[in-house]
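J.: Pasting protein.csv here (CSV, C-alpha atoms and all ligand atoms):
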chain,number,residue,atom,x,y,z
A,7,PRO,CA,-33.6,-72.5,12.8
A,8,MET,CA,-33.3,-70.8,9.4
A,9,SER,CA,-36.2,-71.8,7.2
A,10,LEU,CA,-35.3,-73.5,3.9
A,11,PRO,CA,-35.6,-71.0,1.1
A,12,MET,CA,-37.1,-72.7,-2.0
A,13,LYS,CA,-40.9,-73.0,-1.8
A,14,THR,CA,-42.7,-75.5,-3.9
A,15,PHE,CA,-46.3,-74.8,-5.1
A,16,HIS,CA,-47.8,-78.1,-6.1
A,17,ASN,CA,-51.1,-78.6,-8.0
A,18,PRO,CA,-53.7,-80.4,-5.9
A,19,HIS,CA,-55.9,-80.9,-9.0
A,20,HIS,CA,-53.3,-82.7,-11.2
A,21,THR,CA,-54.8,-86.1,-10.9
A,22,LEU,CA,-58.0,-84.8,-12.6
A,23,HIS,CA,-55.9,-85.0,-15.8
A,24,GLN,CA,-55.1,-88.6,-16.5
A,25,GLY,CA,-55.0,-89.5,-20.1
A,26,GLN,CA,-55.7,-93.1,-21.2
A,27,GLN,CA,-53.9,-93.3,-24.5
A,28,GLU,CA,-51.9,-91.1,-27.0
A,29,MET,CA,-51.6,-91.7,-30.7
A,30,PHE,CA,-48.1,-92.8,-31.6
A,31,ARG,CA,-47.2,-94.0,-35.1
A,32,GLY,CA,-50.7,-95.2,-36.0
A,33,ARG,CA,-51.4,-96.9,-32.7
A,34,LEU,CA,-53.0,-95.8,-29.4
A,35,VAL,CA,-50.4,-96.4,-26.7
A,36,PRO,CA,-50.5,-95.8,-22.9
A,37,CYS,CA,-49.8,-92.1,-22.0
A,38,HIS,CA,-46.3,-91.3,-20.9
A,39,GLU,CA,-47.4,-88.2,-19.0
A,40,VAL,CA,-48.9,-89.9,-15.9
A,41,PRO,CA,-49.8,-88.6,-12.4
A,42,ALA,CA,-47.1,-90.7,-10.7
A,43,ARG,CA,-44.5,-88.3,-12.2
A,44,LEU,CA,-45.6,-85.5,-9.9
A,45,ASP,CA,-46.0,-87.9,-7.0
A,46,PHE,CA,-42.4,-89.0,-7.3
A,47,VAL,CA,-41.1,-85.5,-7.2
A,48,LEU,CA,-43.3,-84.6,-4.2
A,49,THR,CA,-42.1,-87.7,-2.3
A,50,GLU,CA,-38.5,-86.8,-3.0
A,51,LEU,CA,-39.0,-83.2,-1.8
A,52,GLN,CA,-40.4,-84.6,1.4
A,53,ARG,CA,-37.3,-86.8,1.8
A,54,ARG,CA,-34.9,-84.0,0.9
A,55,PRO,CA,-36.7,-80.7,1.7
A,56,LEU,CA,-35.7,-77.5,-0.1
A,57,GLY,CA,-38.4,-75.4,1.4
A,58,ALA,CA,-42.1,-75.4,2.3
A,59,LEU,CA,-44.5,-77.5,0.2
A,60,GLU,CA,-47.7,-75.6,-0.4
A,61,THR,CA,-50.7,-75.6,-2.6
A,62,PRO,CA,-51.4,-72.2,-4.1
A,63,ALA,CA,-54.1,-69.9,-2.6
A,64,VAL,CA,-56.3,-69.2,-5.6
A,65,ASP,CA,-57.9,-65.9,-6.4
A,66,ASP,CA,-60.0,-66.8,-9.4
A,67,ALA,CA,-60.2,-63.3,-10.9
A,68,ALA,CA,-56.4,-62.8,-10.6
A,69,LEU,CA,-55.7,-66.3,-12.0
A,70,ASP,CA,-58.0,-65.7,-15.0
A,71,ALA,CA,-56.3,-62.4,-15.6
A,72,ALA,CA,-52.8,-63.9,-15.5
A,73,ILE,CA,-53.9,-66.7,-17.9
A,74,ALA,CA,-55.5,-64.1,-20.2
A,75,ARG,CA,-52.1,-62.2,-20.4
A,76,VAL,CA,-50.7,-65.3,-22.2
A,77,HIS,CA,-53.6,-67.2,-23.8
A,78,SER,CA,-56.4,-65.9,-26.2
A,79,ALA,CA,-60.0,-65.6,-25.0
A,80,ARG,CA,-61.3,-68.0,-27.6
A,81,TYR,CA,-58.7,-70.6,-26.7
A,82,THR,CA,-59.4,-70.5,-22.9
A,83,GLN,CA,-63.1,-70.6,-23.7
A,84,PHE,CA,-62.5,-73.6,-25.9
A,85,LEU,CA,-60.6,-75.4,-23.1
A,86,ALA,CA,-63.2,-74.6,-20.5
A,87,SER,CA,-66.0,-76.1,-22.5
A,88,ALA,CA,-64.2,-78.7,-24.6
A,89,TRP,CA,-65.1,-81.7,-22.5
A,90,ASP,CA,-68.8,-80.9,-22.4
A,91,GLU,CA,-68.8,-80.3,-26.1
A,92,TRP,CA,-67.0,-83.6,-26.7
A,93,VAL,CA,-69.6,-85.5,-24.8
A,94,ALA,CA,-72.4,-83.5,-26.5
A,95,MET,CA,-71.2,-84.9,-29.9
A,96,ASP,CA,-72.0,-88.4,-28.7
A,97,PRO,CA,-72.9,-89.5,-25.1
A,98,ALA,CA,-70.6,-92.5,-25.6
A,99,ASN,CA,-67.7,-90.1,-25.8
A,100,ALA,CA,-67.9,-89.7,-22.0
A,101,GLN,CA,-66.1,-93.1,-21.8
A,102,ARG,CA,-63.1,-91.9,-23.9
A,103,ASP,CA,-60.6,-89.0,-24.0
A,104,ALA,CA,-61.0,-86.3,-26.6
A,105,LEU,CA,-58.3,-86.5,-29.3
A,106,PRO,CA,-58.2,-84.6,-32.6
A,107,SER,CA,-58.3,-86.4,-35.9
A,108,VAL,CA,-58.5,-83.5,-38.5
A,109,TRP,CA,-56.4,-80.4,-38.9
A,110,PRO,CA,-56.5,-77.2,-41.0
A,111,LEU,CA,-52.9,-77.8,-42.4
A,112,GLY,CA,-51.3,-74.6,-41.3
A,113,ASN,CA,-50.7,-72.1,-44.1
A,114,ARG,CA,-52.2,-74.2,-46.9
A,115,HIS,CA,-55.6,-74.5,-45.3
A,116,ALA,CA,-55.3,-71.3,-43.3
A,117,PHE,CA,-58.3,-70.8,-41.1
A,118,ARG,CA,-59.6,-67.5,-42.5
A,119,THR,CA,-62.5,-66.3,-40.5
A,120,ASP,CA,-63.1,-65.2,-36.9
A,121,ALA,CA,-66.0,-67.7,-36.7
A,122,LEU,CA,-65.1,-71.0,-35.3
A,123,PRO,CA,-66.1,-74.3,-37.1
A,124,ARG,CA,-69.4,-75.6,-35.9
A,125,ASN,CA,-68.3,-79.1,-35.5
A,126,PHE,CA,-66.4,-79.7,-32.3
A,127,ALA,CA,-64.1,-82.2,-34.0
A,128,ALA,CA,-62.9,-79.4,-36.3
A,129,ARG,CA,-62.5,-77.0,-33.3
A,130,LEU,CA,-60.4,-79.6,-31.5
A,131,GLY,CA,-58.2,-79.9,-34.6
A,132,LEU,CA,-58.0,-76.1,-34.9
A,133,PHE,CA,-56.6,-75.7,-31.3
A,134,ALA,CA,-54.5,-78.9,-31.1
A,135,PHE,CA,-51.3,-79.5,-33.0
A,136,ASP,CA,-50.9,-83.2,-32.3
A,137,SER,CA,-52.9,-86.3,-31.4
A,138,GLY,CA,-50.8,-87.2,-28.4
A,139,SER,CA,-52.5,-84.8,-25.9
A,140,PRO,CA,-55.7,-86.3,-24.7
A,141,LEU,CA,-58.2,-84.0,-23.1
A,142,MET,CA,-60.7,-85.2,-20.5
A,143,ALA,CA,-63.3,-84.1,-18.0
A,144,GLY,CA,-60.7,-82.7,-15.5
A,145,THR,CA,-58.1,-81.3,-17.9
A,146,TRP,CA,-59.2,-77.7,-17.6
A,147,ALA,CA,-59.3,-77.8,-13.8
A,148,ALA,CA,-55.9,-79.5,-13.7
A,149,ALA,CA,-54.3,-77.1,-16.1
A,150,ARG,CA,-55.8,-74.1,-14.3
A,151,GLY,CA,-54.5,-75.5,-11.0
A,152,GLY,CA,-51.1,-75.6,-12.6
A,153,ALA,CA,-51.3,-72.0,-13.8
A,154,ALA,CA,-52.1,-71.1,-10.2
A,155,CYS,CA,-48.8,-72.8,-9.1
A,156,ALA,CA,-46.9,-70.8,-11.8
A,157,LEU,CA,-48.5,-67.5,-10.7
A,158,ALA,CA,-47.8,-68.2,-7.0
A,159,ALA,CA,-44.2,-69.1,-7.8
A,160,ALA,CA,-43.8,-65.8,-9.7
A,161,HIS,CA,-45.3,-63.8,-6.8
A,162,GLU,CA,-43.0,-65.6,-4.4
A,163,VAL,CA,-40.0,-64.4,-6.4
A,164,LEU,CA,-41.5,-60.9,-6.8
A,165,GLY,CA,-41.8,-60.8,-3.0
A,166,GLY,CA,-38.1,-61.3,-2.7
A,167,ALA,CA,-37.5,-65.0,-2.7
A,168,ARG,CA,-34.4,-66.2,-4.7
A,169,SER,CA,-36.4,-69.0,-6.2
A,170,ALA,CA,-39.7,-70.9,-6.3
A,171,PHE,CA,-40.9,-74.1,-7.9
A,172,ALA,CA,-44.2,-74.7,-9.7
A,173,LEU,CA,-44.7,-78.5,-9.4
A,174,THR,CA,-47.5,-79.3,-11.7
A,175,ARG,CA,-48.7,-81.4,-14.5
A,176,PRO,CA,-49.9,-81.5,-17.2
A,177,PRO,CA,-46.8,-79.6,-18.4
A,178,GLY,CA,-46.9,-76.3,-20.3
A,179,HIS,CA,-44.0,-75.4,-22.6
A,180,HIS,CA,-45.6,-76.7,-25.8
A,181,ALA,CA,-48.9,-74.7,-25.3
A,182,GLY,CA,-49.1,-71.5,-27.3
A,183,SER,CA,-51.4,-68.5,-26.9
A,184,ASP,CA,-54.1,-70.4,-28.8
A,185,PHE,CA,-52.9,-74.0,-29.1
A,186,LEU,CA,-52.4,-77.2,-27.1
A,187,GLY,CA,-50.1,-80.1,-27.9
A,188,GLY,CA,-47.2,-82.1,-26.5
A,189,TYR,CA,-49.2,-83.0,-23.4
A,190,CYS,CA,-49.5,-79.2,-22.7
A,191,PHE,CA,-52.6,-77.0,-22.3
A,192,LEU,CA,-51.7,-73.8,-20.5
A,193,ASN,CA,-48.1,-72.5,-20.7
A,194,ASN,CA,-47.1,-72.3,-17.0
A,195,ALA,CA,-43.6,-71.0,-17.7
A,196,ALA,CA,-45.0,-68.2,-20.0
A,197,ILE,CA,-47.6,-67.3,-17.3
A,198,ALA,CA,-44.8,-67.0,-14.7
A,199,ALA,CA,-42.6,-65.0,-17.1
A,200,GLN,CA,-45.5,-62.6,-17.9
A,201,ALA,CA,-46.4,-62.3,-14.2
A,202,LEU,CA,-42.8,-61.3,-13.5
A,203,ARG,CA,-43.0,-58.7,-16.2
A,204,ASP,CA,-46.3,-57.4,-14.9
A,205,GLY,CA,-44.8,-57.4,-11.4
A,206,GLY,CA,-42.1,-54.9,-12.5
A,207,GLN,CA,-39.2,-57.0,-13.7
A,208,GLN,CA,-38.1,-55.2,-16.9
A,209,ARG,CA,-36.3,-58.1,-18.6
A,210,VAL,CA,-37.2,-61.7,-18.1
A,211,ALA,CA,-35.3,-64.7,-19.6
A,212,VAL,CA,-36.8,-68.1,-20.1
A,213,LEU,CA,-34.2,-70.9,-20.3
A,214,ASP,CA,-35.9,-74.2,-21.3
A,215,VAL,CA,-33.9,-77.3,-20.5
A,216,ASP,CA,-36.5,-79.9,-21.5
A,217,TYR,CA,-35.4,-82.4,-24.2
A,218,HIS,CA,-38.1,-81.1,-26.5
A,219,HIS,CA,-38.1,-77.6,-28.0
A,220,GLY,CA,-40.5,-75.2,-26.1
A,221,ASN,CA,-42.4,-74.3,-29.2
A,222,GLY,CA,-45.3,-72.8,-27.3
A,223,THR,CA,-43.1,-70.4,-25.2
A,224,GLN,CA,-41.1,-69.4,-28.3
A,225,THR,CA,-44.2,-68.4,-30.2
A,226,ILE,CA,-45.8,-66.5,-27.3
A,227,PHE,CA,-42.7,-64.2,-27.0
A,228,TYR,CA,-41.4,-64.4,-30.5
A,229,GLU,CA,-42.0,-60.7,-31.4
A,230,ARG,CA,-41.0,-59.3,-28.0
A,231,ALA,CA,-37.8,-57.8,-26.8
A,232,ASP,CA,-38.7,-57.8,-23.1
A,233,VAL,CA,-38.7,-61.6,-22.8
A,234,LEU,CA,-35.7,-63.6,-24.0
A,235,THR,CA,-36.5,-67.2,-24.9
A,236,VAL,CA,-33.7,-69.7,-25.0
A,237,SER,CA,-34.1,-73.5,-25.5
A,238,ILE,CA,-31.6,-76.4,-25.5
A,239,HIS,CA,-33.2,-79.4,-27.1
A,240,GLY,CA,-33.1,-82.4,-29.4
A,241,ASP,CA,-32.7,-81.2,-33.0
A,242,PRO,CA,-36.1,-80.8,-34.5
A,243,ALA,CA,-34.8,-82.1,-37.8
A,244,THR,CA,-35.3,-85.5,-36.2
A,245,GLU,CA,-37.0,-84.8,-32.8
A,246,TYR,CA,-40.5,-83.8,-31.7
A,247,PRO,CA,-42.0,-81.1,-32.1
A,248,PHE,CA,-40.2,-81.1,-35.5
A,249,PHE,CA,-41.7,-77.9,-37.0
A,250,LEU,CA,-40.1,-75.4,-34.7
A,251,GLY,CA,-36.8,-75.1,-32.7
A,252,HIS,CA,-34.2,-74.7,-35.4
A,253,ALA,CA,-31.1,-72.5,-34.9
A,254,ASP,CA,-32.1,-70.0,-37.5
A,255,GLU,CA,-35.3,-68.9,-35.6
A,256,ARG,CA,-34.0,-65.7,-33.9
A,257,GLY,CA,-37.2,-63.8,-33.2
A,258,ALA,CA,-39.2,-61.4,-35.4
A,259,GLY,CA,-40.0,-57.7,-35.5
A,260,ALA,CA,-39.1,-56.0,-32.1
A,261,GLY,CA,-38.2,-59.5,-30.9
A,262,GLU,CA,-35.5,-60.1,-33.5
A,263,GLY,CA,-32.4,-61.4,-31.7
A,264,PHE,CA,-34.5,-62.3,-28.6
A,265,ASN,CA,-35.0,-66.0,-29.3
A,266,LEU,CA,-32.1,-68.5,-29.1
A,267,ASN,CA,-32.4,-72.1,-30.1
A,268,LEU,CA,-29.6,-74.5,-29.3
A,269,PRO,CA,-30.6,-77.8,-31.0
A,270,LEU,CA,-28.3,-80.8,-30.3
A,271,PRO,CA,-28.3,-84.2,-32.1
A,272,ARG,CA,-29.9,-87.2,-30.6
A,273,GLY,CA,-27.3,-89.1,-28.5
A,274,THR,CA,-25.7,-85.9,-27.1
A,275,ASN,CA,-23.8,-86.5,-23.8
A,276,PHE,CA,-23.6,-84.3,-20.7
A,277,ALA,CA,-20.3,-82.6,-21.7
A,278,THR,CA,-21.7,-81.3,-24.9
A,279,TRP,CA,-25.1,-80.5,-23.3
A,280,ARG,CA,-23.3,-78.6,-20.5
A,281,ALA,CA,-21.4,-76.5,-23.1
A,282,ALA,CA,-24.7,-75.5,-24.7
A,283,LEU,CA,-26.0,-74.5,-21.2
A,284,GLY,CA,-23.0,-72.2,-20.9
A,285,GLN,CA,-23.9,-70.6,-24.2
A,286,ALA,CA,-27.5,-70.2,-23.1
A,287,LEU,CA,-26.4,-68.6,-19.8
A,288,ASP,CA,-24.1,-66.2,-21.7
A,289,ALA,CA,-27.1,-65.1,-23.7
A,290,VAL,CA,-29.1,-64.6,-20.5
A,291,THR,CA,-26.2,-62.5,-19.0
A,292,ALA,CA,-25.8,-60.4,-22.2
A,293,PHE,CA,-29.6,-59.8,-22.1
A,294,ARG,CA,-29.1,-58.4,-18.6
A,295,ALA,CA,-32.2,-60.3,-17.4
A,296,ASP,CA,-33.8,-59.2,-14.1
A,297,ALA,CA,-35.4,-62.6,-13.5
A,298,LEU,CA,-35.2,-66.1,-14.9
A,299,VAL,CA,-37.8,-68.8,-15.6
A,300,VAL,CA,-36.6,-72.4,-16.1
A,301,PRO,CA,-39.0,-74.8,-17.8
A,302,MET,CA,-37.5,-77.8,-16.1
A,303,GLY,CA,-37.8,-81.0,-18.1
A,304,LEU,CA,-35.9,-84.1,-16.8
A,305,ASP,CA,-36.3,-86.0,-20.1
A,306,THR,CA,-32.7,-85.3,-21.0
A,307,PHE,CA,-32.0,-88.3,-18.7
A,308,GLU,CA,-30.4,-91.3,-20.3
A,309,GLY,CA,-33.2,-93.6,-19.1
A,310,ASP,CA,-36.0,-91.5,-20.6
A,311,PRO,CA,-38.2,-93.7,-22.8
A,312,ILE,CA,-39.1,-91.0,-25.4
A,313,SER,CA,-36.0,-88.9,-25.6
A,314,GLY,CA,-32.4,-89.2,-26.8
A,315,PHE,CA,-29.8,-87.4,-24.6
A,316,THR,CA,-27.6,-89.3,-22.1
A,317,LEU,CA,-27.5,-87.2,-18.9
A,318,GLN,CA,-27.0,-89.2,-15.6
A,319,SER,CA,-28.8,-88.5,-12.3
A,320,ALA,CA,-25.7,-86.9,-10.8
A,321,ASP,CA,-25.4,-84.5,-13.7
A,322,TYR,CA,-28.5,-82.7,-12.6
A,323,PHE,CA,-26.7,-81.3,-9.5
A,324,ALA,CA,-24.3,-79.6,-11.9
A,325,VAL,CA,-27.2,-78.3,-14.0
A,326,GLY,CA,-28.7,-76.6,-11.0
A,327,GLU,CA,-25.3,-75.1,-9.9
A,328,ALA,CA,-24.8,-73.7,-13.4
A,329,LEU,CA,-28.3,-72.1,-13.4
A,330,ALA,CA,-27.7,-70.6,-10.0
A,331,GLY,CA,-24.5,-69.0,-11.4
A,332,ALA,CA,-26.7,-66.6,-13.3
A,333,GLY,CA,-27.4,-65.0,-10.0
A,334,LEU,CA,-31.1,-64.3,-10.8
A,335,PRO,CA,-34.4,-64.7,-9.0
A,336,THR,CA,-35.6,-67.9,-10.6
A,337,VAL,CA,-38.9,-69.7,-11.1
A,338,PHE,CA,-38.8,-73.4,-12.0
A,339,THR,CA,-41.8,-75.1,-13.7
A,340,PHE,CA,-42.0,-78.8,-14.0
A,341,GLU,CA,-42.1,-80.0,-17.6
A,342,GLY,CA,-41.1,-83.4,-19.1
A,343,GLY,CA,-39.4,-86.4,-17.6
A,344,TYR,CA,-40.9,-89.8,-18.3
A,345,ALA,CA,-38.5,-92.2,-16.6
A,346,VAL,CA,-41.0,-92.1,-13.8
A,347,ASP,CA,-39.1,-93.7,-11.0
A,348,ALA,CA,-36.0,-91.5,-11.6
A,349,VAL,CA,-37.9,-88.2,-12.2
A,350,GLY,CA,-38.1,-87.3,-8.5
A,351,THR,CA,-34.4,-87.9,-7.9
A,352,ASN,CA,-33.4,-86.0,-11.1
A,353,ALA,CA,-35.7,-83.0,-10.4
A,354,VAL,CA,-34.6,-82.6,-6.7
A,355,ASN,CA,-30.9,-83.1,-7.7
A,356,LEU,CA,-31.2,-80.1,-10.0
A,357,LEU,CA,-33.1,-78.0,-7.5
A,358,GLU,CA,-30.7,-78.9,-4.7
A,359,GLY,CA,-27.7,-78.1,-6.9
A,360,PHE,CA,-29.3,-74.7,-7.5
A,361,GLN,CA,-30.1,-74.1,-3.9
A,362,ARG,CA,-26.7,-75.0,-2.4
A,363,THR,CA,-25.0,-72.6,-4.9
A,364,CYS,CA,-27.1,-69.6,-4.1
B,1,LIG,C1,-43.7,-83.1,-23.9
B,1,LIG,B1,-42.6,-82.5,-23.1
B,1,LIG,C2,-42.0,-89.3,-29.5
B,1,LIG,C3,-43.4,-89.1,-29.2
B,1,LIG,C4,-43.6,-87.6,-28.9
B,1,LIG,C5,-44.9,-86.0,-27.7
B,1,LIG,C6,-43.8,-85.7,-26.7
B,1,LIG,C7,-44.2,-84.5,-25.9
B,1,LIG,C8,-43.2,-84.1,-24.9
B,1,LIG,N1,-41.6,-90.7,-29.7
B,1,LIG,N2,-44.8,-87.3,-28.2
B,1,LIG,O1,-41.7,-81.6,-23.8
B,1,LIG,O2,-41.8,-83.3,-22.3
B,2,ZN,ZN,-40.0,-82.9,-23.1
Translate the structure described by the file into structure tokens.
Ligand code: OKP
Ligand code: ZN
T.:
Amino acid sequence: PMSLPMKTFHNPHHTLHQGQQEMFRGRLVPCHEVPARLDFVLTELQRRPLGALETPAVDDAALDAAIARVHSARYTQFLASAWDEWVAMDPANAQRDALPSVWPLGNRHAFRTDALPRNFAARLGLFAFDSGSPLMAGTWAAARGGAACALAAAHEVLGGARSAFALTRPPGHHAGSDFLGGYCFLNNAAIAAQALRDGGQQRVAVLDVDYHHGNGTQTIFYERADVLTVSIHGDPATEYPFFLGHADERGAGAGEGFNLNLPLPRGTNFATWRAALGQALDAVTAFRADALVVPMGLDTFEGDPISGFTLQSADYFAVGEALAGAGLPTVFTFEGGYAVDAVGTNAVNLLEGFQRTC
């Protein structure tokens, strides 16, 4: 029998990251980004197999090198020691997640020296852009396990597979080279894209279909012409992450013309969203990409509790079909999707639509 083609690499350490609460409009509310999200996708992949389900074999040195291609040394050192430093501030902190409460205000309070602030609360605010991304004892191990999935998926595609899926949480597309936020710590999609470049693919496109703008991915590749970043998302004029994702952000320096944002108003339906996807795919084709990375958020779903588009579960088959139409080796990374009991169906619908069109 022919073996099914799309391998999934899932993160065995994801439950080590399990936030208690996130700050939302002045209140601490239960986290939306919960372990059950991944479990629902895994269960659905067992029910409707697309290929082997594996955990990645991890070569620590190779993984550290792949992470270092995307994230700064001082940021990864911060992440690796953050929990211990949080607890060192106050032993009672061991009972609660780390959340920032003070920030350097971007350009107005620009952080001017190479020396980091001595107080950990200040360091946390320096590296985090929101107070919705709790960090705990297992966050670093979970995020690292996710990066290993992204790297394994990229290697699978470099080895000739048409596609591979990095099924991990916490998600990644809001994480920049030296910042966390939006539930994201390491940018799995960027790690996959860079690994594809380093594996010999000349031009790599990233097409982000999450409801929220992939501000981390955009900033990582903003000044580069070898990685095209495209994102379809809720208009940041009203939607998170607010400060990036506008249509006039086109890239800078050598990267000018190699970032495309397609913001859509809250309430956008599938017909309009699908037209934007066509525009995004045209840009990928014009770029003559050799490989594609799809940060796959399922929070465009009508039932999503924190988002504002109205896609239906059946629409995700068509999304996958359209993505397959690009004809490119493709790595998918799991991003948002907070209607927990529908996220498995929606994710596998998209991947199945892709697979059957290949
Ligand atoms: C992460 B990913 C909106 C609260 C926003 C942060 C959302 C992060 C989304 N009411 N909190 O892109 O799915
Ligand atoms: Zn999202």
J.: List all protein, DNA and RNA residues that have any atom at most 12 Å from ligand ZN 2 (chain B), counting all atoms listed in the file, and write the list as a CSV table (one decimal) with C-alpha atoms, in the coordinates of the input.
T.:
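And here's out_21.csv as it stands now:
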chain,number,residue,atom,x,y,z
A,38,HIS,CA,-46.3,-91.3,-20.9
A,39,GLU,CA,-47.4,-88.2,-19.0
A,176,PRO,CA,-49.9,-81.5,-17.2
A,177,PRO,CA,-46.8,-79.6,-18.4
A,178,GLY,CA,-46.9,-76.3,-20.3
A,179,HIS,CA,-44.0,-75.4,-22.6
A,180,HIS,CA,-45.6,-76.7,-25.8
A,187,GLY,CA,-50.1,-80.1,-27.9
A,188,GLY,CA,-47.2,-82.1,-26.5
A,189,TYR,CA,-49.2,-83.0,-23.4
A,190,CYS,CA,-49.5,-79.2,-22.7
A,214,ASP,CA,-35.9,-74.2,-21.3
A,215,VAL,CA,-33.9,-77.3,-20.5
A,216,ASP,CA,-36.5,-79.9,-21.5
A,217,TYR,CA,-35.4,-82.4,-24.2
A,218,HIS,CA,-38.1,-81.1,-26.5
A,219,HIS,CA,-38.1,-77.6,-28.0
A,220,GLY,CA,-40.5,-75.2,-26.1
A,221,ASN,CA,-42.4,-74.3,-29.2
A,237,SER,CA,-34.1,-73.5,-25.5
A,238,ILE,CA,-31.6,-76.4,-25.5
A,239,HIS,CA,-33.2,-79.4,-27.1
A,240,GLY,CA,-33.1,-82.4,-29.4
A,245,GLU,CA,-37.0,-84.8,-32.8
A,246,TYR,CA,-40.5,-83.8,-31.7
A,247,PRO,CA,-42.0,-81.1,-32.1
A,301,PRO,CA,-39.0,-74.8,-17.8
A,302,MET,CA,-37.5,-77.8,-16.1
A,303,GLY,CA,-37.8,-81.0,-18.1
A,304,LEU,CA,-35.9,-84.1,-16.8
A,305,ASP,CA,-36.3,-86.0,-20.1
A,306,THR,CA,-32.7,-85.3,-21.0
A,307,PHE,CA,-32.0,-88.3,-18.7
A,310,ASP,CA,-36.0,-91.5,-20.6
A,311,PRO,CA,-38.2,-93.7,-22.8
A,312,ILE,CA,-39.1,-91.0,-25.4
A,313,SER,CA,-36.0,-88.9,-25.6
A,314,GLY,CA,-32.4,-89.2,-26.8
A,315,PHE,CA,-29.8,-87.4,-24.6
A,340,PHE,CA,-42.0,-78.8,-14.0
A,341,GLU,CA,-42.1,-80.0,-17.6
A,342,GLY,CA,-41.1,-83.4,-19.1
A,343,GLY,CA,-39.4,-86.4,-17.6
A,344,TYR,CA,-40.9,-89.8,-18.3
A,345,ALA,CA,-38.5,-92.2,-16.6
J.: Using all atoms listed in the file, which residue out of A:Thr316, A:Ser139, A:Gln27, A:Thr145 lies closest to Ala86 (chain A)?
T.: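 Ranked by minimum distance to Ala86 (chain A), first place goes to A:Thr145.
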J.: Report, in Å with one decimal, the straight-line distance from CA of Ala121 (chain A) to CA of Ser183 (chain A).
T.: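 Between CA of Ala121 (chain A) and CA of Ser183 (chain A) the gap works out to 17.6 Å.
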J.: Record the distance separating CA of Leu173 (chain A) and CA of Ala134 (chain A), expressed in Å with one decimal.
T.: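 Separation of CA of Leu173 (chain A) and CA of Ala134 (chain A): 23.8 Å.
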J.: Just the number, please: distance in Å from CA of Gly206 (chain A) to CA of Tyr81 (chain A), one decimal.
T.: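 So the answer is 26.9 Å.
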J.: Counting only C-alpha atoms, figure out which residue out of A:Phe185, A:His23, A:Gln52, A:Ala324 gets nearest to Ala79 (chain A).
T.: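 Of A:Phe185, A:His23, A:Gln52, A:Ala324, the one nearest Ala79 (chain A), counting only C-alpha atoms, is A:Phe185.
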J.: List the spatial neighbours of Gln208 (chain A) as a ChimeraX atom specification - criterion: any atom at most 12 Å away, only C-alpha atoms, same-chain residues fewer than 4 positions off excluded.
T.: /A:199-204,231-234,293-298
J.: From the set A:Ser169, A:Thr225, A:Ser137, A:Thr339, which residue has the shortest atom-to-atom contact distance to ligand LIG 1 (chain B), counting only C-alpha atoms and all ligand atoms?
T.: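 Looking only at the distances to ligand LIG 1 (chain B), the closest residue turns out to be A:Ser137.
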J.: With distances taken over only C-alpha atoms, which of A:Gly112, A:Pro335, A:Gly284, A:Gly359 is nearest to Phe249 (chain A)?
T.: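 For Phe249 (chain A), the nearest of the given residues is A:Gly112.
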J.: My list of candidates is A:Ala281, A:Gln24, A:Leu56, A:Gln224. Which is closest to Glu255 (chain A) when distances are computed with all atoms listed in the file?
T.: A:Gln224
J.: With all atoms listed in the file as the counted atoms, please give the residues lying no more than 6 Å from Cys155 (chain A), apart from itself and same-chain residues fewer than 2 positions off, as a JSON list (two decimals) with C-alpha atoms, keeping the file's coordinate frame.
T.:
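This went into out.json:
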[["chain", "number", "residue", "atom", "x", "y", "z"],
["A", 15, "PHE", "CA", -46.30, -74.80, -5.10],
["A", 62, "PRO", "CA", -51.40, -72.20, -4.10],
["A", 152, "GLY", "CA", -51.10, -75.60, -12.60],
["A", 153, "ALA", "CA", -51.30, -72.00, -13.80],
["A", 157, "LEU", "CA", -48.50, -67.50, -10.70],
["A", 158, "ALA", "CA", -47.80, -68.20, -7.00],
["A", 172, "ALA", "CA", -44.20, -74.70, -9.70]]
J.: Which is closest to Arg54 (chain A) among A:Phe248, A:Leu287, A:Arg75, A:Met12, if we use all atoms listed in the file?
T.: A:Met12
J.: Which polymer residues have any atom within 8 Å of an atom of Ala330 (chain A), counting all atoms listed in the file, with same-chain residues fewer than 4 positions away left out, as a ChimeraX atom specification?
T.: /A:326,334,360-361,363-364
J.: What would region 26-31 of chain A look like with N, CA and C atoms restored, written as a PDB file, keeping the file's coordinate frame?
T.:
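Dumped everything to out.pdb:
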ATOM      1  N   GLN A  26     -55.781 -91.628 -21.001  1.00  0.00           N
ATOM      2  CA  GLN A  26     -55.700 -93.100 -21.200  1.00  0.00           C
ATOM      3  C   GLN A  26     -54.677 -93.450 -22.226  1.00  0.00           C
ATOM      4  N   GLN A  27     -54.787 -92.863 -23.407  1.00  0.00           N
ATOM      5  CA  GLN A  27     -53.900 -93.300 -24.500  1.00  0.00           C
ATOM      6  C   GLN A  27     -53.530 -92.047 -25.351  1.00  0.00           C
ATOM      7  N   GLU A  28     -52.349 -92.147 -25.995  1.00  0.00           N
ATOM      8  CA  GLU A  28     -51.900 -91.100 -27.000  1.00  0.00           C
ATOM      9  C   GLU A  28     -51.656 -91.843 -28.284  1.00  0.00           C
ATOM     10  N   MET A  29     -51.848 -91.116 -29.368  1.00  0.00           N
ATOM     11  CA  MET A  29     -51.600 -91.700 -30.700  1.00  0.00           C
ATOM     12  C   MET A  29     -50.084 -91.657 -30.928  1.00  0.00           C
ATOM     13  N   PHE A  30     -49.506 -92.770 -31.298  1.00  0.00           N
ATOM     14  CA  PHE A  30     -48.100 -92.800 -31.600  1.00  0.00           C
ATOM     15  C   PHE A  30     -47.900 -93.774 -32.821  1.00  0.00           C
ATOM     16  N   ARG A  31     -47.482 -93.230 -33.939  1.00  0.00           N
ATOM     17  CA  ARG A  31     -47.200 -94.000 -35.100  1.00  0.00           C
ATOM     18  C   ARG A  31     -48.355 -94.967 -35.476  1.00  0.00           C
TER      19      ARG A  31
END
